[in-house]
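Text of structure-v7.pdb (PDB, C-alpha atoms and all ligand atoms) as supplied:
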ATOM      1  CA  MET A   1      84.057  78.573  97.184  1.00  0.00           C
ATOM      2  CA  LYS A   2      87.189  78.981  99.297  1.00  0.00           C
ATOM      3  CA  LEU A   3      87.559  82.568 100.431  1.00  0.00           C
ATOM      4  CA  ALA A   4      90.413  84.406 102.161  1.00  0.00           C
ATOM      5  CA  ILE A   5      90.246  87.758 103.908  1.00  0.00           C
ATOM      6  CA  GLY A   6      92.833  90.177 105.279  1.00  0.00           C
ATOM      7  CA  CYS A   7      93.026  93.653 106.738  1.00  0.00           C
ATOM      8  CA  ASP A   8      95.334  96.139 108.407  1.00  0.00           C
ATOM      9  CA  GLU A   9      94.593  97.924 111.672  1.00  0.00           C
ATOM     10  CA  ALA A  10      92.564 100.605 109.847  1.00  0.00           C
ATOM     11  CA  ALA A  11      89.938  98.067 108.799  1.00  0.00           C
ATOM     12  CA  TYR A  12      89.815  95.478 111.550  1.00  0.00           C
ATOM     13  CA  ASN A  13      86.164  96.294 112.324  1.00  0.00           C
ATOM     14  CA  LEU A  14      85.082  96.068 108.703  1.00  0.00           C
ATOM     15  CA  LYS A  15      86.847  92.741 108.324  1.00  0.00           C
ATOM     16  CA  ALA A  16      85.158  91.373 111.462  1.00  0.00           C
ATOM     17  CA  GLU A  17      81.721  92.485 110.185  1.00  0.00           C
ATOM     18  CA  ILE A  18      82.320  90.882 106.798  1.00  0.00           C
ATOM     19  CA  ILE A  19      83.448  87.605 108.380  1.00  0.00           C
ATOM     20  CA  LYS A  20      80.368  87.581 110.641  1.00  0.00           C
ATOM     21  CA  HIS A  21      78.152  88.307 107.637  1.00  0.00           C
ATOM     22  CA  LEU A  22      79.682  85.578 105.479  1.00  0.00           C
ATOM     23  CA  GLU A  23      79.643  82.999 108.246  1.00  0.00           C
ATOM     24  CA  SER A  24      75.971  83.747 108.963  1.00  0.00           C
ATOM     25  CA  LYS A  25      75.328  82.763 105.340  1.00  0.00           C
ATOM     26  CA  GLY A  26      77.380  79.578 105.618  1.00  0.00           C
ATOM     27  CA  VAL A  27      80.318  80.926 103.605  1.00  0.00           C
ATOM     28  CA  ALA A  28      83.639  79.762 105.045  1.00  0.00           C
ATOM     29  CA  VAL A  29      86.399  82.348 105.110  1.00  0.00           C
ATOM     30  CA  ASP A  30      90.036  82.001 106.197  1.00  0.00           C
ATOM     31  CA  ASP A  31      91.316  85.022 108.117  1.00  0.00           C
ATOM     32  CA  PHE A  32      94.879  86.140 107.307  1.00  0.00           C
ATOM     33  CA  GLY A  33      94.856  88.862 110.007  1.00  0.00           C
ATOM     34  CA  ALA A  34      95.532  91.428 111.209  1.00  0.00           C
ATOM     35  CA  ASP A  35      94.169  90.479 114.616  1.00  0.00           C
ATOM     36  CA  LYS A  36      92.323  92.943 116.835  1.00  0.00           C
ATOM     37  CA  GLY A  37      94.769  95.483 118.281  1.00  0.00           C
ATOM     38  CA  GLU A  38      97.605  94.296 116.042  1.00  0.00           C
ATOM     39  CA  VAL A  39      99.387  96.931 113.981  1.00  0.00           C
ATOM     40  CA  VAL A  40     100.683  95.642 110.657  1.00  0.00           C
ATOM     41  CA  LEU A  41     102.104  96.996 107.441  1.00  0.00           C
ATOM     42  CA  TYR A  42      99.303  96.475 104.909  1.00  0.00           C
ATOM     43  CA  PRO A  43     101.707  95.184 102.220  1.00  0.00           C
ATOM     44  CA  ASP A  44     102.565  92.194 104.422  1.00  0.00           C
ATOM     45  CA  VAL A  45      98.919  91.116 104.593  1.00  0.00           C
ATOM     46  CA  ALA A  46      98.126  91.983 100.976  1.00  0.00           C
ATOM     47  CA  PHE A  47     101.051  90.002  99.532  1.00  0.00           C
ATOM     48  CA  LYS A  48     100.296  86.978 101.736  1.00  0.00           C
ATOM     49  CA  VAL A  49      96.655  86.870 100.637  1.00  0.00           C
ATOM     50  CA  ALA A  50      97.457  87.602  96.983  1.00  0.00           C
ATOM     51  CA  GLU A  51     100.096  84.862  96.901  1.00  0.00           C
ATOM     52  CA  ALA A  52      97.593  82.374  98.297  1.00  0.00           C
ATOM     53  CA  VAL A  53      95.194  83.327  95.493  1.00  0.00           C
ATOM     54  CA  ALA A  54      97.920  83.152  92.824  1.00  0.00           C
ATOM     55  CA  ASP A  55      98.932  79.707  94.133  1.00  0.00           C
ATOM     56  CA  GLY A  56      95.348  78.502  93.680  1.00  0.00           C
ATOM     57  CA  LYS A  57      94.741  77.975  97.398  1.00  0.00           C
ATOM     58  CA  TYR A  58      91.760  80.362  97.241  1.00  0.00           C
ATOM     59  CA  GLU A  59      89.473  81.139  94.356  1.00  0.00           C
ATOM     60  CA  ARG A  60      88.707  84.622  95.680  1.00  0.00           C
ATOM     61  CA  ALA A  61      89.702  86.978  98.475  1.00  0.00           C
ATOM     62  CA  ILE A  62      88.736  90.214 100.166  1.00  0.00           C
ATOM     63  CA  LEU A  63      91.289  92.789 101.359  1.00  0.00           C
ATOM     64  CA  VAL A  64      90.335  95.797 103.448  1.00  0.00           C
ATOM     65  CA  CYS A  65      92.373  98.736 104.719  1.00  0.00           C
ATOM     66  CA  GLY A  66      91.655 102.435 105.289  1.00  0.00           C
ATOM     67  CA  THR A  67      90.931 103.155 101.643  1.00  0.00           C
ATOM     68  CA  GLY A  68      91.281  99.812  99.846  1.00  0.00           C
ATOM     69  CA  LEU A  69      93.949 101.447  97.693  1.00  0.00           C
ATOM     70  CA  GLY A  70      97.135 100.204  99.334  1.00  0.00           C
ATOM     71  CA  MET A  71      95.817  96.647  99.478  1.00  0.00           C
ATOM     72  CA  ALA A  72      94.891  96.738  95.781  1.00  0.00           C
ATOM     73  CA  MET A  73      98.260  98.196  94.759  1.00  0.00           C
ATOM     74  CA  CYS A  74     100.130  95.451  96.595  1.00  0.00           C
ATOM     75  CA  ALA A  75      97.893  92.577  95.517  1.00  0.00           C
ATOM     76  CA  ASN A  76      98.177  93.629  91.869  1.00  0.00           C
ATOM     77  CA  LYS A  77     101.961  93.226  92.030  1.00  0.00           C
ATOM     78  CA  VAL A  78     101.591  89.481  92.491  1.00  0.00           C
ATOM     79  CA  PRO A  79     101.605  87.882  89.021  1.00  0.00           C
ATOM     80  CA  GLY A  80      98.249  86.464  87.995  1.00  0.00           C
ATOM     81  CA  VAL A  81      96.307  88.488  90.527  1.00  0.00           C
ATOM     82  CA  ARG A  82      93.663  91.025  89.570  1.00  0.00           C
ATOM     83  CA  ALA A  83      92.512  93.098  92.525  1.00  0.00           C
ATOM     84  CA  ALA A  84      89.873  95.829  92.270  1.00  0.00           C
ATOM     85  CA  VAL A  85      88.729  98.564  94.624  1.00  0.00           C
ATOM     86  CA  CYS A  86      84.949  98.147  94.862  1.00  0.00           C
ATOM     87  CA  HIS A  87      82.984 100.905  96.560  1.00  0.00           C
ATOM     88  CA  ASP A  88      79.906 101.003  94.352  1.00  0.00           C
ATOM     89  CA  PRO A  89      77.664  98.350  92.792  1.00  0.00           C
ATOM     90  CA  PHE A  90      78.593  99.051  89.156  1.00  0.00           C
ATOM     91  CA  SER A  91      82.370  98.734  89.658  1.00  0.00           C
ATOM     92  CA  THR A  92      81.820  95.732  91.885  1.00  0.00           C
ATOM     93  CA  GLU A  93      79.864  93.942  89.171  1.00  0.00           C
ATOM     94  CA  ARG A  94      82.215  94.962  86.361  1.00  0.00           C
ATOM     95  CA  SER A  95      85.293  93.886  88.353  1.00  0.00           C
ATOM     96  CA  ARG A  96      83.995  90.327  88.070  1.00  0.00           C
ATOM     97  CA  LYS A  97      82.164  90.339  84.735  1.00  0.00           C
ATOM     98  CA  SER A  98      84.713  92.353  82.710  1.00  0.00           C
ATOM     99  CA  ASN A  99      87.980  92.048  84.633  1.00  0.00           C
ATOM    100  CA  ASN A 100      87.652  88.652  86.311  1.00  0.00           C
ATOM    101  CA  ALA A 101      89.062  90.135  89.525  1.00  0.00           C
ATOM    102  CA  GLN A 102      89.817  87.489  92.133  1.00  0.00           C
ATOM    103  CA  ILE A 103      90.358  90.034  94.915  1.00  0.00           C
ATOM    104  CA  MET A 104      87.928  92.683  96.080  1.00  0.00           C
ATOM    105  CA  CYS A 105      89.364  95.631  98.051  1.00  0.00           C
ATOM    106  CA  MET A 106      87.454  98.104 100.193  1.00  0.00           C
ATOM    107  CA  GLY A 107      88.238 100.912 102.616  1.00  0.00           C
ATOM    108  CA  GLU A 108      86.721 101.154 106.080  1.00  0.00           C
ATOM    109  CA  ARG A 109      87.322 104.913 105.978  1.00  0.00           C
ATOM    110  CA  VAL A 110      85.391 105.165 102.710  1.00  0.00           C
ATOM    111  CA  ILE A 111      82.226 103.065 102.968  1.00  0.00           C
ATOM    112  CA  GLY A 112      79.866 101.916 105.692  1.00  0.00           C
ATOM    113  CA  VAL A 113      79.471  98.356 106.878  1.00  0.00           C
ATOM    114  CA  GLU A 114      76.020  97.815 105.311  1.00  0.00           C
ATOM    115  CA  LEU A 115      77.171  98.920 101.857  1.00  0.00           C
ATOM    116  CA  ALA A 116      80.288  96.768 102.199  1.00  0.00           C
ATOM    117  CA  LYS A 117      78.214  93.680 103.041  1.00  0.00           C
ATOM    118  CA  TYR A 118      75.874  94.395 100.123  1.00  0.00           C
ATOM    119  CA  LEU A 119      78.848  94.721  97.750  1.00  0.00           C
ATOM    120  CA  VAL A 120      80.446  91.515  99.046  1.00  0.00           C
ATOM    121  CA  ASP A 121      77.212  89.607  98.345  1.00  0.00           C
ATOM    122  CA  LEU A 122      76.982  91.137  94.885  1.00  0.00           C
ATOM    123  CA  TRP A 123      80.643  90.426  94.080  1.00  0.00           C
ATOM    124  CA  LEU A 124      80.347  86.803  95.138  1.00  0.00           C
ATOM    125  CA  THR A 125      77.385  86.193  92.838  1.00  0.00           C
ATOM    126  CA  CYS A 126      79.012  87.680  89.717  1.00  0.00           C
ATOM    127  CA  ASP A 127      81.005  85.549  87.292  1.00  0.00           C
ATOM    128  CA  PHE A 128      83.407  86.494  84.515  1.00  0.00           C
ATOM    129  CA  SER A 129      81.448  87.117  81.308  1.00  0.00           C
ATOM    130  CA  GLY A 130      84.220  85.967  78.970  1.00  0.00           C
ATOM    131  CA  GLY A 131      83.328  86.930  75.374  1.00  0.00           C
ATOM    132  CA  GLY A 132      84.894  90.238  74.363  1.00  0.00           C
ATOM    133  CA  SER A 133      86.480  90.609  77.779  1.00  0.00           C
ATOM    134  CA  ALA A 134      88.434  87.348  77.526  1.00  0.00           C
ATOM    135  CA  PRO A 135      91.200  88.571  75.156  1.00  0.00           C
ATOM    136  CA  LYS A 136      91.619  91.718  77.256  1.00  0.00           C
ATOM    137  CA  VAL A 137      92.160  89.791  80.478  1.00  0.00           C
ATOM    138  CA  ALA A 138      94.440  87.368  78.616  1.00  0.00           C
ATOM    139  CA  ARG A 139      96.429  90.387  77.401  1.00  0.00           C
ATOM    140  CA  ILE A 140      96.960  91.549  80.988  1.00  0.00           C
ATOM    141  CA  GLU A 141      98.605  88.201  81.681  1.00  0.00           C
ATOM    142  CA  GLU A 142     100.689  88.335  78.498  1.00  0.00           C
ATOM    143  CA  LEU A 143     101.999  91.830  79.207  1.00  0.00           C
ATOM    144  CA  GLU A 144     102.494  91.081  82.894  1.00  0.00           C
ATOM    145  CA  ALA A 145     104.836  88.246  81.950  1.00  0.00           C
ATOM    146  CA  LYS A 146     107.270  90.835  80.511  1.00  0.00           C
ATOM    147  CA  TYR A 147     107.827  92.266  83.991  1.00  0.00           C
ATOM    148  CA  ILE A 148     108.406  89.034  85.894  1.00  0.00           C
ATOM    149  CA  LYS A 149     112.075  88.904  86.885  1.00  0.00           C
ATOM    150  CA  LYS A 150     113.713  85.631  85.991  1.00  0.00           C
TER     151      LYS A 150
HETATM  152  C1  LIG B 201      96.678 103.185 107.240  1.00  0.00           C
HETATM  153  O1  LIG B 201      97.912 102.549 107.283  1.00  0.00           O
HETATM  154  C2  LIG B 201      96.260 103.422 105.786  1.00  0.00           C
HETATM  155  O2  LIG B 201      97.272 104.082 105.114  1.00  0.00           O
HETATM  156  C3  LIG B 201      95.961 102.113 105.092  1.00  0.00           C
HETATM  157  O3  LIG B 201      94.989 101.428 105.798  1.00  0.00           O
HETATM  158  C4  LIG B 201      95.427 102.216 103.693  1.00  0.00           C
HETATM  159  O4  LIG B 201      94.399 103.150 103.602  1.00  0.00           O
HETATM  160  C5  LIG B 201      96.403 102.362 102.613  1.00  0.00           C
HETATM  161  O5  LIG B 201      96.079 102.376 101.432  1.00  0.00           O
END
Please lay out the structure from this file as structure tokens.
Ligand code: RB5
Amino acid sequence: MKLAIGCDEAAYNLKAEIIKHLESKGVAVDDFGADKGEVVLYPDVAFKVAEAVADGKYERAILVCGTGLGMAMCANKVPGVRAAVCHDPFSTERSRKSNNAQIMCMGERVIGVELAKYLVDLWLTCDFSGGGSAPKVARIEELEAKYIKK
């Protein structure tokens, strides 16, 4: 699976730990920044990563900032993208199985590195369940289309 990752300056350390963790397991991940010591506006990173997902360049992505909230808000503005803040195992699992989220967001100021790594592993093993959730996710896309400016 092709994976992208991005952060702002509030979550550089968490991003670095996640990359190290994924690479140690043989999972390749493309880093969209920010680089160590670089100060960025989180929307710039979030939109870049979300666009790459919407364009089909990556199947899934991880975005981290101070809380995970700003990254999720931005990523969800890109049509076709479903980003979820995942700070506990249940939401992490449901974000994939029920919501088919392609982007997982976390906050370095909210959770510790070990929990984050555990949640990343969990998230990557969960697939969309389809079934009763399929028409709901399809409806997101239908309604979203109303707001896309021509
Ligand atoms: C820092 O810019 C902080 O506001 C940001 O990392 C994030 O928590 C926003 O949602």
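Evaluated against the shown file, the PyMOL selection byres (((chain A and resi 51-64) around 6) and not hetatm) gives Lys2, Leu3, Ala4, Ile5, Gly6, Cys7, Ala11, Phe47, Lys48, Val49, Ala50, Cys65, Gly68, Gly80, Gln102, Ile103, Met104, Cys105, Met106 and Gly107 of chain A.
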Serialized selection, C-alpha atoms, as a short mmCIF file (atom, residue, chain, number, x, y, z; two decimals), keeping the file's coordinate frame:
data_model
loop_
_atom_site.label_atom_id
_atom_site.label_comp_id
_atom_site.auth_asym_id
_atom_site.auth_seq_id
_atom_site.Cartn_x
_atom_site.Cartn_y
_atom_site.Cartn_z
CA LYS A 2 87.19 78.98 99.30
CA LEU A 3 87.56 82.57 100.43
CA ALA A 4 90.41 84.41 102.16
CA ILE A 5 90.25 87.76 103.91
CA GLY A 6 92.83 90.18 105.28
CA CYS A 7 93.03 93.65 106.74
CA ALA A 11 89.94 98.07 108.80
CA PHE A 47 101.05 90.00 99.53
CA LYS A 48 100.30 86.98 101.74
CA VAL A 49 96.66 86.87 100.64
CA ALA A 50 97.46 87.60 96.98
CA CYS A 65 92.37 98.74 104.72
CA GLY A 68 91.28 99.81 99.85
CA GLY A 80 98.25 86.46 88.00
CA GLN A 102 89.82 87.49 92.13
CA ILE A 103 90.36 90.03 94.92
CA MET A 104 87.93 92.68 96.08
CA CYS A 105 89.36 95.63 98.05
CA MET A 106 87.45 98.10 100.19
CA GLY A 107 88.24 100.91 102.62
#
Quick one: of A:Val120, A:Gly112, A:Phe128, A:Pro79, who's nearest to Lys146 in chain A, counting all atoms listed in the file?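 Smallest distance to Lys146 in chain A is found for A:Pro79.
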Please determine, counting all atoms listed in the file, which residue among A:Met1, A:Ala28, A:Ile111, A:Ala10 has the shortest atom-to-atom distance to ligand LIG 201 (chain B).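 Smallest separation from ligand LIG 201 (chain B) among the options: A:Ala10.
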Test item: axis-aligned box, all listed atoms of ligand LIG 201 (chain B), 8 Å on each side, centre and edges in Å rounded to one decimal, as lines of an AutoDock Vina configuration file:
center_x = 96.2
center_y = 102.8
center_z = 104.4
size_x = 19.5
size_y = 18.7
size_z = 21.9
Selection in question (the file shown): the PyMOL selection byres (((not hetatm)) within 10 of (chain B and resi 201)). Which residues does it include, as a ChimeraX atom specification? /A:7-12,39-43,64-74,106-110
Which one is closest to Asn100 in chain A: A:Lys36, A:Lys136, A:Lys77, A:His87? Count all atoms listed in the file. A:Lys136
Find the distance between CA of Lys97 in chain A and CA of Leu124 in chain A and write it in Å to one decimal.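 Computing it gives 11.1 Å between the two atoms.
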Translate the PyMOL selection byres (((chain A and resi 113) around 9) and not hetatm), as applied to the file shown, into an explicit residue set as a PyMOL selection string. chain A and resi 13-14+17-18+108+111-112+114-118
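For the atom pair formed by CA of Ala101 in chain A and CA of Arg82 in chain A, the distance is 4.7 Å, given to one decimal.
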For CA of Gly130 in chain A and CA of Ile148 in chain A, quote the distance in Å rounded to one decimal.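 So the answer is 25.3 Å.
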Taking only C-alpha atoms into account, which of A:Leu122, A:Ala34, A:Ala145, A:Val137 comes nearest Glu93 in chain A?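 Among the listed residues, the smallest separation from Glu93 in chain A belongs to A:Leu122.
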